[in-house]
file structure12.txt (compact mmCIF, C-alpha atoms)
# COMPACT_ATOMS: atom_id res chain seq x y z
CA MET A 904 -62.21 -47.46 9.53
CA ARG A 905 -64.12 -47.39 6.26
CA ARG A 906 -65.09 -43.81 6.94
CA PHE A 907 -64.52 -41.33 9.69
CA LEU A 908 -67.46 -41.74 12.07
CA ALA A 909 -67.19 -38.16 13.20
CA LEU A 910 -70.61 -38.02 14.72
CA GLY A 911 -70.37 -40.16 17.79
CA ALA A 912 -69.71 -43.56 19.27
CA ILE A 913 -71.57 -45.99 17.03
CA PRO A 914 -71.64 -49.36 18.82
CA LEU A 915 -68.39 -51.11 17.95
CA LEU A 916 -69.92 -54.35 16.70
CA ALA A 917 -72.08 -52.47 14.21
CA CYS A 918 -68.93 -51.94 12.16
CA VAL A 919 -68.09 -55.64 12.05
CA VAL A 920 -69.93 -55.78 8.71
CA LEU A 921 -67.41 -53.42 7.13
CA ALA A 922 -64.07 -54.26 5.60
CA GLY A 923 -61.22 -52.21 7.01
CA CYS A 924 -63.03 -51.37 10.25
CA GLY A 925 -60.60 -50.96 13.12
CA SER A 926 -57.35 -52.87 12.62
CA SER A 927 -58.78 -55.63 10.46
CA LYS A 928 -57.79 -56.70 7.01
CA SER A 929 -59.58 -55.05 4.14
CA SER A 930 -61.59 -56.87 1.50
CA SER A 931 -58.70 -56.65 -0.93
CA SER A 932 -56.48 -58.73 1.37
CA ALA A 933 -58.96 -61.44 2.35
CA ALA A 934 -58.89 -64.50 0.14
CA SER A 935 -62.19 -66.05 -0.90
CA SER A 936 -62.94 -69.50 0.46
CA SER A 937 -65.76 -70.31 -1.93
CA ALA A 938 -63.71 -73.02 -3.63
CA SER A 939 -62.90 -74.79 -0.39
CA SER A 940 -63.90 -78.43 -0.09
CA SER A 941 -64.26 -78.31 3.70
CA VAL A 942 -67.93 -77.94 4.55
CA GLY A 943 -67.85 -78.95 8.22
CA ALA A 944 -70.98 -78.05 10.17
CA SER A 945 -71.60 -74.67 8.52
CA SER A 946 -74.36 -75.95 6.27
CA ALA A 947 -76.30 -77.15 9.34
CA VAL A 948 -76.85 -73.63 10.73
CA THR A 949 -80.57 -72.76 10.76
CA ALA A 950 -82.74 -69.80 11.71
CA THR A 951 -86.50 -69.61 12.10
CA GLY A 952 -88.99 -66.80 12.65
CA SER A 953 -90.82 -64.15 10.66
CA PHE A 954 -89.28 -61.16 8.89
CA GLY A 955 -88.87 -58.18 11.17
CA THR A 956 -88.58 -60.21 14.38
CA ALA A 957 -85.43 -61.57 15.99
CA PRO A 958 -84.78 -65.06 14.59
CA LYS A 959 -84.23 -68.21 16.61
CA VAL A 960 -80.82 -69.49 15.55
CA SER A 961 -79.39 -72.98 15.84
CA ILE A 962 -75.62 -73.43 15.47
CA PRO A 963 -74.19 -76.95 15.83
CA LYS A 964 -71.79 -77.70 18.69
CA ALA A 965 -69.17 -78.64 16.14
CA LYS A 966 -66.38 -76.96 14.24
CA PRO A 967 -67.48 -74.75 11.32
CA GLY A 968 -66.29 -75.50 7.84
CA SER A 969 -64.11 -73.25 5.72
CA LYS A 970 -66.69 -72.70 2.99
CA LEU A 971 -68.94 -69.64 2.74
CA GLU A 972 -72.56 -70.68 3.25
CA VAL A 973 -75.45 -68.43 2.13
CA LYS A 974 -79.17 -69.16 2.35
CA THR A 975 -82.15 -66.98 1.52
CA LEU A 976 -84.56 -67.86 4.30
CA ILE A 977 -87.30 -65.42 3.28
CA GLN A 978 -87.59 -64.15 -0.28
CA GLY A 979 -88.35 -60.45 -0.51
CA GLY A 980 -90.32 -58.71 -3.23
CA GLY A 981 -88.46 -55.41 -3.39
CA GLY A 982 -85.68 -54.12 -5.60
CA THR A 983 -82.49 -56.07 -6.23
CA LEU A 984 -79.43 -54.95 -4.29
CA THR A 985 -76.41 -53.81 -6.30
CA LYS A 986 -72.82 -53.00 -5.32
CA THR A 987 -73.62 -49.29 -5.29
CA ASP A 988 -76.54 -49.66 -2.88
CA ALA A 989 -76.57 -49.25 0.86
CA MET A 990 -79.28 -50.93 2.89
CA ALA A 991 -81.07 -50.40 6.15
CA ALA A 992 -81.10 -53.78 7.86
CA ASN A 993 -81.66 -55.58 11.11
CA PHE A 994 -79.34 -58.44 11.97
CA VAL A 995 -78.14 -60.83 14.61
CA LEU A 996 -74.48 -61.78 14.70
CA TYR A 997 -72.82 -64.78 16.31
CA PHE A 998 -69.12 -65.52 16.72
CA TRP A 999 -68.41 -69.21 16.13
CA SER A 1000 -65.05 -70.62 17.15
CA GLY A 1001 -64.18 -74.24 17.71
CA THR A 1002 -67.34 -76.00 18.90
CA SER A 1003 -68.90 -73.02 20.67
CA SER A 1004 -70.81 -69.94 19.52
CA SER A 1005 -72.16 -66.81 21.18
CA LEU A 1006 -74.49 -63.96 20.28
CA LYS A 1007 -72.57 -60.69 19.85
CA ALA A 1008 -75.07 -58.26 18.32
CA ASN A 1009 -78.83 -57.99 17.90
CA THR A 1010 -80.20 -54.84 16.23
CA PHE A 1011 -83.77 -56.17 16.38
CA THR A 1012 -83.88 -55.03 20.01
CA SER A 1013 -82.49 -51.54 19.32
CA ASN A 1014 -82.47 -49.90 15.90
CA PRO A 1015 -81.52 -50.84 12.33
CA THR A 1016 -78.06 -50.39 10.87
CA VAL A 1017 -76.99 -48.99 7.52
CA ILE A 1018 -74.82 -51.49 5.66
CA GLY A 1019 -73.00 -50.32 2.56
CA GLY A 1020 -69.74 -49.13 1.09
CA THR A 1021 -66.92 -51.67 1.29
CA MET A 1022 -68.37 -54.68 3.05
CA LEU A 1023 -66.65 -57.85 4.17
CA PRO A 1024 -66.16 -60.10 1.11
CA GLY A 1025 -68.45 -62.83 2.43
CA LEU A 1026 -71.18 -60.39 3.33
CA GLU A 1027 -71.02 -58.74 -0.06
CA THR A 1028 -71.35 -62.12 -1.75
CA ALA A 1029 -74.30 -62.96 0.50
CA LEU A 1030 -76.24 -59.73 -0.05
CA ILE A 1031 -75.57 -58.44 -3.57
CA GLY A 1032 -78.31 -59.68 -5.89
CA LYS A 1033 -80.79 -60.28 -3.07
CA LYS A 1034 -84.11 -58.42 -2.93
CA VAL A 1035 -85.29 -55.91 -0.38
CA GLY A 1036 -87.58 -57.68 2.08
CA SER A 1037 -85.39 -60.79 2.19
CA ARG A 1038 -83.95 -62.57 5.20
CA VAL A 1039 -80.46 -63.89 4.47
CA LEU A 1040 -78.34 -66.30 6.49
CA ALA A 1041 -74.58 -66.05 5.95
CA VAL A 1042 -71.94 -68.24 7.59
CA ILE A 1043 -68.68 -66.44 6.88
CA PRO A 1044 -65.34 -68.22 7.47
CA PRO A 1045 -62.21 -66.19 8.26
CA ALA A 1046 -61.01 -66.22 4.66
CA ASP A 1047 -64.17 -64.33 3.63
CA GLY A 1048 -64.16 -62.14 6.73
CA TYR A 1049 -61.19 -60.72 8.61
CA GLY A 1050 -58.60 -63.23 7.45
CA THR A 1051 -55.99 -64.94 9.61
CA SER A 1052 -55.18 -61.73 11.49
CA GLY A 1053 -58.75 -61.30 12.76
CA ASN A 1054 -59.64 -58.03 14.49
CA SER A 1055 -58.57 -57.70 18.11
CA GLU A 1056 -60.62 -54.53 18.60
CA LEU A 1057 -63.78 -56.44 17.78
CA GLY A 1058 -62.74 -59.62 19.59
CA ILE A 1059 -62.40 -61.54 16.32
CA THR A 1060 -59.52 -64.03 16.07
CA GLY A 1061 -58.06 -65.60 12.96
CA SER A 1062 -60.27 -68.64 13.52
CA THR A 1063 -63.60 -66.86 14.19
CA THR A 1064 -66.45 -67.69 11.85
CA LEU A 1065 -69.18 -65.03 11.65
CA VAL A 1066 -72.84 -66.06 11.49
CA PHE A 1067 -75.27 -63.38 10.30
CA ILE A 1068 -79.03 -63.47 9.87
CA ILE A 1069 -79.97 -60.23 8.12
CA ASP A 1070 -83.37 -58.72 7.31
CA VAL A 1071 -83.01 -56.21 4.45
CA LEU A 1072 -85.51 -53.43 5.19
CA LYS A 1073 -84.76 -50.81 2.52
CA SER A 1074 -82.09 -49.90 0.00
CA TYR A 1075 -80.48 -46.57 -0.89
CA SER A 1076 -78.29 -45.54 -3.78
CA ASP A 1077 -74.82 -44.27 -2.89
CA SER A 1078 -75.84 -41.05 -4.67
CA ALA A 1079 -79.10 -40.59 -2.72
CA SER A 1080 -79.60 -36.93 -1.86
CA ALA A 1081 -82.24 -34.40 -0.81
CA THR A 1082 -85.37 -34.55 -2.97
CA GLY A 1083 -87.33 -31.48 -1.92
CA THR A 1084 -87.60 -27.88 -3.13
CA GLN A 1085 -84.63 -25.51 -3.02
CA VAL A 1086 -85.36 -22.62 -0.65
CA SER A 1087 -81.87 -21.27 0.09
CA ASN A 1088 -78.21 -21.71 -0.67
CA GLY A 1089 -77.04 -20.20 2.61
CA GLY A 1090 -74.84 -17.13 2.52
CA GLY A 1091 -74.75 -14.13 4.80
CA ASP A 1092 -73.10 -15.22 8.05
CA LEU A 1093 -73.15 -18.80 6.80
CA PRO A 1094 -71.23 -20.48 3.98
CA THR A 1095 -72.78 -20.61 0.51
CA VAL A 1096 -73.64 -24.15 -0.57
CA SER A 1097 -73.66 -25.43 -4.13
CA ALA A 1098 -74.22 -28.96 -5.41
CA LYS A 1099 -75.57 -31.02 -8.24
CA ALA A 1100 -78.24 -33.61 -7.49
CA GLY A 1101 -76.65 -36.86 -6.37
CA SER A 1102 -73.27 -35.36 -5.54
CA ALA A 1103 -71.54 -33.96 -2.48
CA PRO A 1104 -72.22 -30.28 -1.76
CA THR A 1105 -69.38 -27.76 -1.67
CA LEU A 1106 -69.11 -24.82 0.73
CA THR A 1107 -67.78 -21.34 0.06
CA PHE A 1108 -66.89 -19.42 3.22
CA SER A 1109 -67.24 -15.64 3.12
CA SER A 1110 -67.02 -15.01 6.86
CA THR A 1111 -64.17 -16.09 9.11
CA LYS A 1112 -66.28 -15.88 12.26
CA PRO A 1113 -68.94 -18.55 12.85
CA PRO A 1114 -72.19 -17.80 14.69
CA THR A 1115 -71.84 -18.10 18.46
CA GLY A 1116 -74.91 -20.32 18.81
CA LEU A 1117 -76.36 -23.30 17.00
CA VAL A 1118 -77.87 -22.45 13.59
CA ALA A 1119 -79.99 -24.85 11.50
CA LYS A 1120 -80.66 -23.47 8.02
CA THR A 1121 -82.98 -25.35 5.65
CA LEU A 1122 -81.55 -25.29 2.13
CA ILE A 1123 -83.90 -27.80 0.50
CA LYS A 1124 -87.32 -28.41 2.01
CA GLY A 1125 -88.42 -32.03 1.81
CA SER A 1126 -92.02 -33.13 1.55
CA GLY A 1127 -91.67 -36.17 3.82
CA PRO A 1128 -92.69 -36.59 7.46
CA LYS A 1129 -90.96 -34.73 10.27
CA VAL A 1130 -88.05 -36.44 11.98
CA VAL A 1131 -88.94 -37.28 15.58
CA LYS A 1132 -86.88 -38.43 18.53
CA GLY A 1133 -86.23 -42.16 18.57
CA GLU A 1134 -86.25 -42.66 14.80
CA TYR A 1135 -83.35 -44.15 12.89
CA VAL A 1136 -82.32 -41.51 10.37
CA VAL A 1137 -80.49 -42.27 7.11
CA ALA A 1138 -78.53 -39.27 5.86
CA GLN A 1139 -75.76 -38.02 3.63
CA TYR A 1140 -73.43 -35.46 5.14
CA THR A 1141 -70.28 -33.46 4.72
CA GLY A 1142 -68.62 -31.77 7.69
CA SER A 1143 -66.10 -28.92 7.71
CA ILE A 1144 -64.16 -26.96 10.33
CA TRP A 1145 -64.82 -23.21 10.27
CA ARG A 1146 -61.24 -22.37 11.23
CA THR A 1147 -59.54 -24.35 8.48
CA LYS A 1148 -62.44 -24.61 5.98
CA ALA A 1149 -61.32 -28.23 5.54
CA VAL A 1150 -63.71 -31.16 5.16
CA PHE A 1151 -63.06 -33.63 7.99
CA GLY A 1152 -65.82 -36.17 7.36
CA SER A 1153 -68.19 -37.11 4.55
CA SER A 1154 -70.57 -39.95 3.84
CA TRP A 1155 -70.28 -39.11 0.15
CA SER A 1156 -66.66 -40.19 0.08
CA SER A 1157 -67.42 -43.42 1.96
CA GLY A 1158 -69.75 -44.75 -0.73
CA SER A 1159 -72.72 -45.13 1.60
CA PRO A 1160 -75.23 -42.98 3.51
CA PHE A 1161 -74.85 -42.73 7.28
CA GLY A 1162 -77.40 -44.01 9.81
CA PHE A 1163 -77.98 -42.87 13.38
CA LEU A 1164 -80.61 -42.81 16.10
CA ILE A 1165 -81.83 -39.27 16.68
CA GLY A 1166 -82.28 -38.09 20.23
CA ALA A 1167 -79.59 -40.40 21.60
CA SER A 1168 -76.65 -38.00 21.85
CA PRO A 1169 -73.88 -38.23 22.83
CA GLU A 1170 -73.96 -42.00 22.31
CA GLN A 1171 -74.80 -41.73 18.61
CA VAL A 1172 -74.27 -38.19 17.32
CA ILE A 1173 -73.04 -34.87 18.66
CA PRO A 1174 -75.75 -32.78 20.37
CA GLY A 1175 -75.92 -30.22 17.55
CA TRP A 1176 -77.22 -32.89 15.19
CA ASP A 1177 -80.03 -33.87 17.52
CA MET A 1178 -81.06 -30.27 18.15
CA GLY A 1179 -80.73 -29.14 14.54
CA LEU A 1180 -82.31 -32.08 12.72
CA GLU A 1181 -85.21 -33.08 14.96
CA GLY A 1182 -88.38 -31.64 13.39
CA GLN A 1183 -86.86 -31.32 9.92
CA THR A 1184 -88.62 -33.23 7.14
CA VAL A 1185 -87.42 -36.25 5.18
CA GLY A 1186 -86.09 -35.14 1.80
CA SER A 1187 -84.58 -31.93 3.24
CA ARG A 1188 -81.05 -30.57 3.07
CA VAL A 1189 -80.05 -28.70 6.24
CA MET A 1190 -76.92 -26.70 7.02
CA LEU A 1191 -75.86 -26.89 10.65
CA SER A 1192 -73.43 -24.42 12.20
CA ILE A 1193 -72.40 -25.99 15.49
CA PRO A 1194 -70.43 -24.24 18.24
CA PRO A 1195 -67.98 -26.28 20.36
CA ALA A 1196 -70.45 -26.72 23.23
CA ASP A 1197 -72.85 -28.57 20.92
CA GLY A 1198 -70.08 -30.42 19.10
CA TYR A 1199 -67.02 -32.00 20.65
CA GLY A 1200 -66.73 -29.61 23.58
CA SER A 1201 -63.49 -28.33 25.03
CA ALA A 1202 -61.72 -31.62 24.30
CA GLY A 1203 -62.22 -31.34 20.54
CA ASN A 1204 -61.34 -34.33 18.38
CA SER A 1205 -57.65 -34.61 17.56
CA GLN A 1206 -58.19 -37.44 15.07
CA ALA A 1207 -60.22 -35.09 12.90
CA GLY A 1208 -58.08 -32.01 13.53
CA ILE A 1209 -60.83 -30.39 15.61
CA LYS A 1210 -59.72 -28.15 18.48
CA GLY A 1211 -61.75 -27.47 21.58
CA THR A 1212 -62.52 -23.98 20.28
CA ASP A 1213 -63.59 -25.08 16.79
CA SER A 1214 -67.07 -24.53 15.41
CA LEU A 1215 -68.22 -26.98 12.76
CA VAL A 1216 -70.49 -26.70 9.76
CA PHE A 1217 -72.36 -29.68 8.30
CA VAL A 1218 -74.57 -30.03 5.26
CA VAL A 1219 -76.96 -32.92 5.93
CA ASP A 1220 -79.37 -34.54 3.47
CA ILE A 1221 -82.15 -36.42 5.28
CA ILE A 1222 -82.79 -39.45 3.09
CA ASP A 1223 -85.13 -41.46 5.30
CA ALA A 1224 -86.35 -41.96 8.87
CA LEU A 1225 -87.39 -45.38 10.19
CA LYS A 1226 -89.27 -46.23 13.33
CA GLN A 1227 -87.44 -48.26 15.95
CA SER A 1228 -88.08 -51.97 16.20
call {"tool": "encode", "arguments": {"input": "structure12.txt", "output": "C-alpha cells"}}
result
Amino acid sequence: MRRFLALGAIPLLACVVLAGCGSSKSSSSAASSSASSSVGASSAVTATGSFGTAPKVSIPKAKPGSKLEVKTLIQGGGGTLTKTDAMAANFVLYFWSGTSSSLKANTFTSNPTVIGGTMLPGLETALIGKKVGSRVLAVIPPADGYGTSGNSELGITGSTTLVFIIDVLKSYSDSASATGTQVSNGGGDLPTVSAKAGSAPTLTFSSTKPPTGLVAKTLIKGSGPKVVKGEYVVAQYTGSIWRTKAVFGSSWSSGSPFGFLIGASPEQVIPGWDMGLEGQTVGSRVMLSIPPADGYGSAGNSQAGIKGTDSLVFVVDIIDALKQS
C-alpha cells in the first residue's frame, strides 16, 4: 500500500484512488494512454447534480475507449491543486467493463476521503491544476489506472475502466501541521517531542515503561473547534512502539495527511484514537500513549511488528474536522 494504514480497516475501495494500493501496479509502471486514438464511448459519460450531493451518472451500454477523458463539470473558486497537496473529497466510483458498469463506491452517503500522495496516473492528471470547489469527471482506462494486471484485491481486472465523479471540498499541503500554541513537549513518564513546523516530530524516550492506561497529552493547543464524534478528521501522525522505540507508521512519510471518521472504532481507527482525540481542538498536536487494550489488543499487528503486549505512542496533529455528509 502507499502507506501503512496502521489505524484500522479503511474501506478497501477508498484506496482505489492510490497507486500501489494492494497488489496493483504503481504509477511508475502504468503507461499513459493520453495519445491513444481510440475514443469509444468514454466521451459520452455524463453526470448531473449540484456540488455536495451525489451525482446522477449516465454511462453508455457500450465499450469504453482507451483514452483518458476529463471534464470539469462544476468550476470551483478555491485554490489550485498542486502535486504536493492532498484534498478532502467526496466521490462516486463506477467500474466499467465491456458494455456494463456498476457503482462500487459512494462517499456522499458516508464521509469524505482524503486523496493525496501517489495517486493513480489518470486521477493525478484529472485533479492537478483544478480548483477547490470543483466537480471533476474522470474516465480512466487501464493504461492510466492499474494497467493490464489490474488489482484482484479490489476486483479490478486488466480491462476495467474506472469512472470517477469527484467533488473537491478542501486542500491541504503535505507539510500541514499543528497551528496552535506550544504548551508542552512531553517528558516525564512520556517521551519528549521535538519538531520544526511543517515536519515530522521526533520522540526521545527516557523511560522504558509506558503508562498502564491511556494518556492523551496536549503538546500544542489549537484554537479551532472541538472534535466531536461523527466528524471526518484530517490529521498528520507518527506512531512508535514503546518496546522498540521504532516508528511503524507515519503520514509524513506518505506525502499526505490521513483522514478518518472519529467515533467509529474499530472500523476506522484503534479505540485509543477515538478516546484520546475526541474533544481536542483543531490545530492541536496531541501525544497519545496507548496500552494494548486500546490499541491492537492481545493479537497485536504482526505486519507492523506490534506484539500483543506492546503499548504504542502516537503524535497526532489535528489539521481539520469536517461534518459528515
call {"tool": "atom_distance", "arguments": {"input": "structure12.txt", "atom1": "CA of Phe1163 (chain A)", "atom2": "CA of Thr1016 (chain A)"}}
result
7.9 Å
call {"tool": "atom_distance", "arguments": {"input": "structure12.txt", "atom1": "CA of Pro1045 (chain A)", "atom2": "CA of Asn993 (chain A)"}}
result
22.3 Å
call {"tool": "closest_residue", "arguments": {"input": "structure12.txt", "among": "A:Ala1202, A:Leu1023, A:Val1136, A:Ile1123", "to": "Arg1188 (chain A)", "atoms": "all atoms listed in the file"}}
result
A:Ile1123
call {"tool": "closest_residue", "arguments": {"input": "structure12.txt", "among": "A:Gly1050, A:Gly980, A:Gly952, A:Pro1015", "to": "Ala992 (chain A)", "atoms": "only C-alpha atoms"}}
result
A:Pro1015
call {"tool": "residues_around", "arguments": {"input": "structure12.txt", "residues": "region 1192-1196 of chain A", "least_positions_apart": "2", "cutoff": "8 Å", "atoms": "only C-alpha atoms", "output": "ChimeraX atom specification"}}
result
/A:1093,1113-1119,1175,1190,1198-1201,1203,1211-1217
call {"tool": "write_last_selection", "arguments": {"input": "structure12.txt", "atoms": "C-alpha atoms", "output": "short mmCIF file (atom, residue, chain, number, x, y, z; two decimals), in the frame of the given file"}}
result
data_model
loop_
_atom_site.label_atom_id
_atom_site.label_comp_id
_atom_site.auth_asym_id
_atom_site.auth_seq_id
_atom_site.Cartn_x
_atom_site.Cartn_y
_atom_site.Cartn_z
CA LEU A 1093 -73.15 -18.80 6.80
CA PRO A 1113 -68.94 -18.55 12.85
CA PRO A 1114 -72.19 -17.80 14.69
CA THR A 1115 -71.84 -18.10 18.46
CA GLY A 1116 -74.91 -20.32 18.81
CA LEU A 1117 -76.36 -23.30 17.00
CA VAL A 1118 -77.87 -22.45 13.59
CA ALA A 1119 -79.99 -24.85 11.50
CA GLY A 1175 -75.92 -30.22 17.55
CA MET A 1190 -76.92 -26.70 7.02
CA GLY A 1198 -70.08 -30.42 19.10
CA TYR A 1199 -67.02 -32.00 20.65
CA GLY A 1200 -66.73 -29.61 23.58
CA SER A 1201 -63.49 -28.33 25.03
CA GLY A 1203 -62.22 -31.34 20.54
CA GLY A 1211 -61.75 -27.47 21.58
CA THR A 1212 -62.52 -23.98 20.28
CA ASP A 1213 -63.59 -25.08 16.79
CA SER A 1214 -67.07 -24.53 15.41
CA LEU A 1215 -68.22 -26.98 12.76
CA VAL A 1216 -70.49 -26.70 9.76
CA PHE A 1217 -72.36 -29.68 8.30
#
call {"tool": "closest_residue", "arguments": {"input": "structure12.txt", "among": "A:Thr1010, A:Gln1085, A:Thr983, A:Gln1183", "to": "Thr956 (chain A)", "atoms": "all atoms listed in the file"}}
result
A:Thr1010
call {"tool": "atom_distance", "arguments": {"input": "structure12.txt", "atom1": "CA of Gly1182 (chain A)", "atom2": "CA of Phe1151 (chain A)"}}
result
26.0 Å
call {"tool": "residues_around", "arguments": {"input": "structure12.txt", "residues": "Leu996 (chain A)", "least_positions_apart": "5", "cutoff": "7 Å", "atoms": "only C-alpha atoms", "output": "PDB file with C-alpha atoms, keeping the file's coordinate frame"}}
result
ATOM      1  CA  LEU A1006     -74.490 -63.960  20.280  1.00  0.00           C
ATOM      2  CA  LYS A1007     -72.570 -60.690  19.850  1.00  0.00           C
ATOM      3  CA  ALA A1008     -75.070 -58.260  18.320  1.00  0.00           C
ATOM      4  CA  ASN A1009     -78.830 -57.990  17.900  1.00  0.00           C
ATOM      5  CA  LEU A1065     -69.180 -65.030  11.650  1.00  0.00           C
ATOM      6  CA  VAL A1066     -72.840 -66.060  11.490  1.00  0.00           C
ATOM      7  CA  PHE A1067     -75.270 -63.380  10.300  1.00  0.00           C
ATOM      8  CA  ILE A1068     -79.030 -63.470   9.870  1.00  0.00           C
TER       9      ILE A1068
END
call {"tool": "residues_around", "arguments": {"input": "structure12.txt", "residues": "Pro1160 (chain A)", "least_positions_apart": "6", "cutoff": "10 Å", "atoms": "all atoms listed in the file", "output": "ChimeraX atom specification"}}
result
/A:988-991,1017-1020,1075-1080,1136-1140,1153-1154,1220-1222
call {"tool": "axis_aligned_box", "arguments": {"input": "structure12.txt", "around": "region 1074-1086 of chain A", "padding_each_side": "3 Å", "output": "AutoDock Vina command-line options"}}
result
--center_x -81.2 --center_y -36.3 --center_z -2.3 --size_x 18.8 --size_y 33.3 --size_z 10.7
call {"tool": "build_atoms", "arguments": {"input": "structure12.txt", "residues": "region 1180-1188 of chain A", "atoms": "all heavy atoms", "output": "PDB file, in the frame of the given file"}}
result
ATOM      1  N   LEU A1180     -81.619 -31.248  13.721  1.00  0.00           N
ATOM      2  CA  LEU A1180     -82.310 -32.080  12.720  1.00  0.00           C
ATOM      3  C   LEU A1180     -83.680 -32.574  13.181  1.00  0.00           C
ATOM      4  O   LEU A1180     -84.529 -32.875  12.338  1.00  0.00           O
ATOM      5  CB  LEU A1180     -81.430 -33.287  12.356  1.00  0.00           C
ATOM      6  CG  LEU A1180     -80.105 -32.954  11.669  1.00  0.00           C
ATOM      7  CD1 LEU A1180     -79.320 -34.233  11.382  1.00  0.00           C
ATOM      8  CD2 LEU A1180     -80.327 -32.172  10.377  1.00  0.00           C
ATOM      9  N   GLU A1181     -83.889 -32.664  14.490  1.00  0.00           N
ATOM     10  CA  GLU A1181     -85.210 -33.080  14.960  1.00  0.00           C
ATOM     11  C   GLU A1181     -86.253 -32.055  14.515  1.00  0.00           C
ATOM     12  O   GLU A1181     -86.078 -30.851  14.673  1.00  0.00           O
ATOM     13  CB  GLU A1181     -85.226 -33.208  16.476  1.00  0.00           C
ATOM     14  CG  GLU A1181     -86.508 -33.809  17.013  1.00  0.00           C
ATOM     15  CD  GLU A1181     -86.459 -34.057  18.511  1.00  0.00           C
ATOM     16  OE1 GLU A1181     -85.346 -34.063  19.081  1.00  0.00           O
ATOM     17  OE2 GLU A1181     -87.530 -34.244  19.105  1.00  0.00           O
ATOM     18  N   GLY A1182     -87.335 -32.514  13.905  1.00  0.00           N
ATOM     19  CA  GLY A1182     -88.380 -31.640  13.390  1.00  0.00           C
ATOM     20  C   GLY A1182     -88.220 -31.271  11.935  1.00  0.00           C
ATOM     21  O   GLY A1182     -89.162 -30.776  11.304  1.00  0.00           O
ATOM     22  N   GLN A1183     -87.037 -31.514  11.361  1.00  0.00           N
ATOM     23  CA  GLN A1183     -86.860 -31.320   9.920  1.00  0.00           C
ATOM     24  C   GLN A1183     -87.595 -32.435   9.173  1.00  0.00           C
ATOM     25  O   GLN A1183     -87.919 -33.478   9.757  1.00  0.00           O
ATOM     26  CB  GLN A1183     -85.365 -31.342   9.556  1.00  0.00           C
ATOM     27  CG  GLN A1183     -84.528 -30.301  10.264  1.00  0.00           C
ATOM     28  CD  GLN A1183     -84.716 -28.895   9.698  1.00  0.00           C
ATOM     29  OE1 GLN A1183     -85.353 -28.706   8.665  1.00  0.00           O
ATOM     30  NE2 GLN A1183     -84.160 -27.911  10.386  1.00  0.00           N
ATOM     31  N   THR A1184     -87.855 -32.244   7.902  1.00  0.00           N
ATOM     32  CA  THR A1184     -88.620 -33.230   7.140  1.00  0.00           C
ATOM     33  C   THR A1184     -87.733 -34.078   6.245  1.00  0.00           C
ATOM     34  O   THR A1184     -86.692 -33.621   5.760  1.00  0.00           O
ATOM     35  CB  THR A1184     -89.685 -32.531   6.267  1.00  0.00           C
ATOM     36  OG1 THR A1184     -89.048 -31.539   5.445  1.00  0.00           O
ATOM     37  CG2 THR A1184     -90.738 -31.871   7.129  1.00  0.00           C
ATOM     38  N   VAL A1185     -88.141 -35.334   6.062  1.00  0.00           N
ATOM     39  CA  VAL A1185     -87.420 -36.250   5.180  1.00  0.00           C
ATOM     40  C   VAL A1185     -87.416 -35.660   3.767  1.00  0.00           C
ATOM     41  O   VAL A1185     -88.429 -35.161   3.278  1.00  0.00           O
ATOM     42  CB  VAL A1185     -88.076 -37.637   5.184  1.00  0.00           C
ATOM     43  CG1 VAL A1185     -87.452 -38.538   4.130  1.00  0.00           C
ATOM     44  CG2 VAL A1185     -87.971 -38.266   6.568  1.00  0.00           C
ATOM     45  N   GLY A1186     -86.272 -35.730   3.128  1.00  0.00           N
ATOM     46  CA  GLY A1186     -86.090 -35.140   1.800  1.00  0.00           C
ATOM     47  C   GLY A1186     -85.423 -33.780   1.848  1.00  0.00           C
ATOM     48  O   GLY A1186     -85.120 -33.202   0.802  1.00  0.00           O
ATOM     49  N   SER A1187     -85.162 -33.274   3.069  1.00  0.00           N
ATOM     50  CA  SER A1187     -84.580 -31.930   3.240  1.00  0.00           C
ATOM     51  C   SER A1187     -83.061 -31.974   3.221  1.00  0.00           C
ATOM     52  O   SER A1187     -82.437 -32.992   3.530  1.00  0.00           O
ATOM     53  CB  SER A1187     -85.044 -31.306   4.554  1.00  0.00           C
ATOM     54  OG  SER A1187     -86.422 -31.050   4.544  1.00  0.00           O
ATOM     55  N   ARG A1188     -82.484 -30.827   2.887  1.00  0.00           N
ATOM     56  CA  ARG A1188     -81.050 -30.570   3.070  1.00  0.00           C
ATOM     57  C   ARG A1188     -80.941 -29.432   4.083  1.00  0.00           C
ATOM     58  O   ARG A1188     -81.548 -28.374   3.916  1.00  0.00           O
ATOM     59  CB  ARG A1188     -80.362 -30.189   1.770  1.00  0.00           C
ATOM     60  CG  ARG A1188     -78.938 -29.661   1.946  1.00  0.00           C
ATOM     61  CD  ARG A1188     -78.231 -29.513   0.607  1.00  0.00           C
ATOM     62  NE  ARG A1188     -77.914 -30.826   0.049  1.00  0.00           N
ATOM     63  CZ  ARG A1188     -77.477 -31.016  -1.201  1.00  0.00           C
ATOM     64  NH1 ARG A1188     -77.345 -29.984  -2.020  1.00  0.00           N
ATOM     65  NH2 ARG A1188     -77.214 -32.241  -1.619  1.00  0.00           N
TER      66      ARG A1188
END
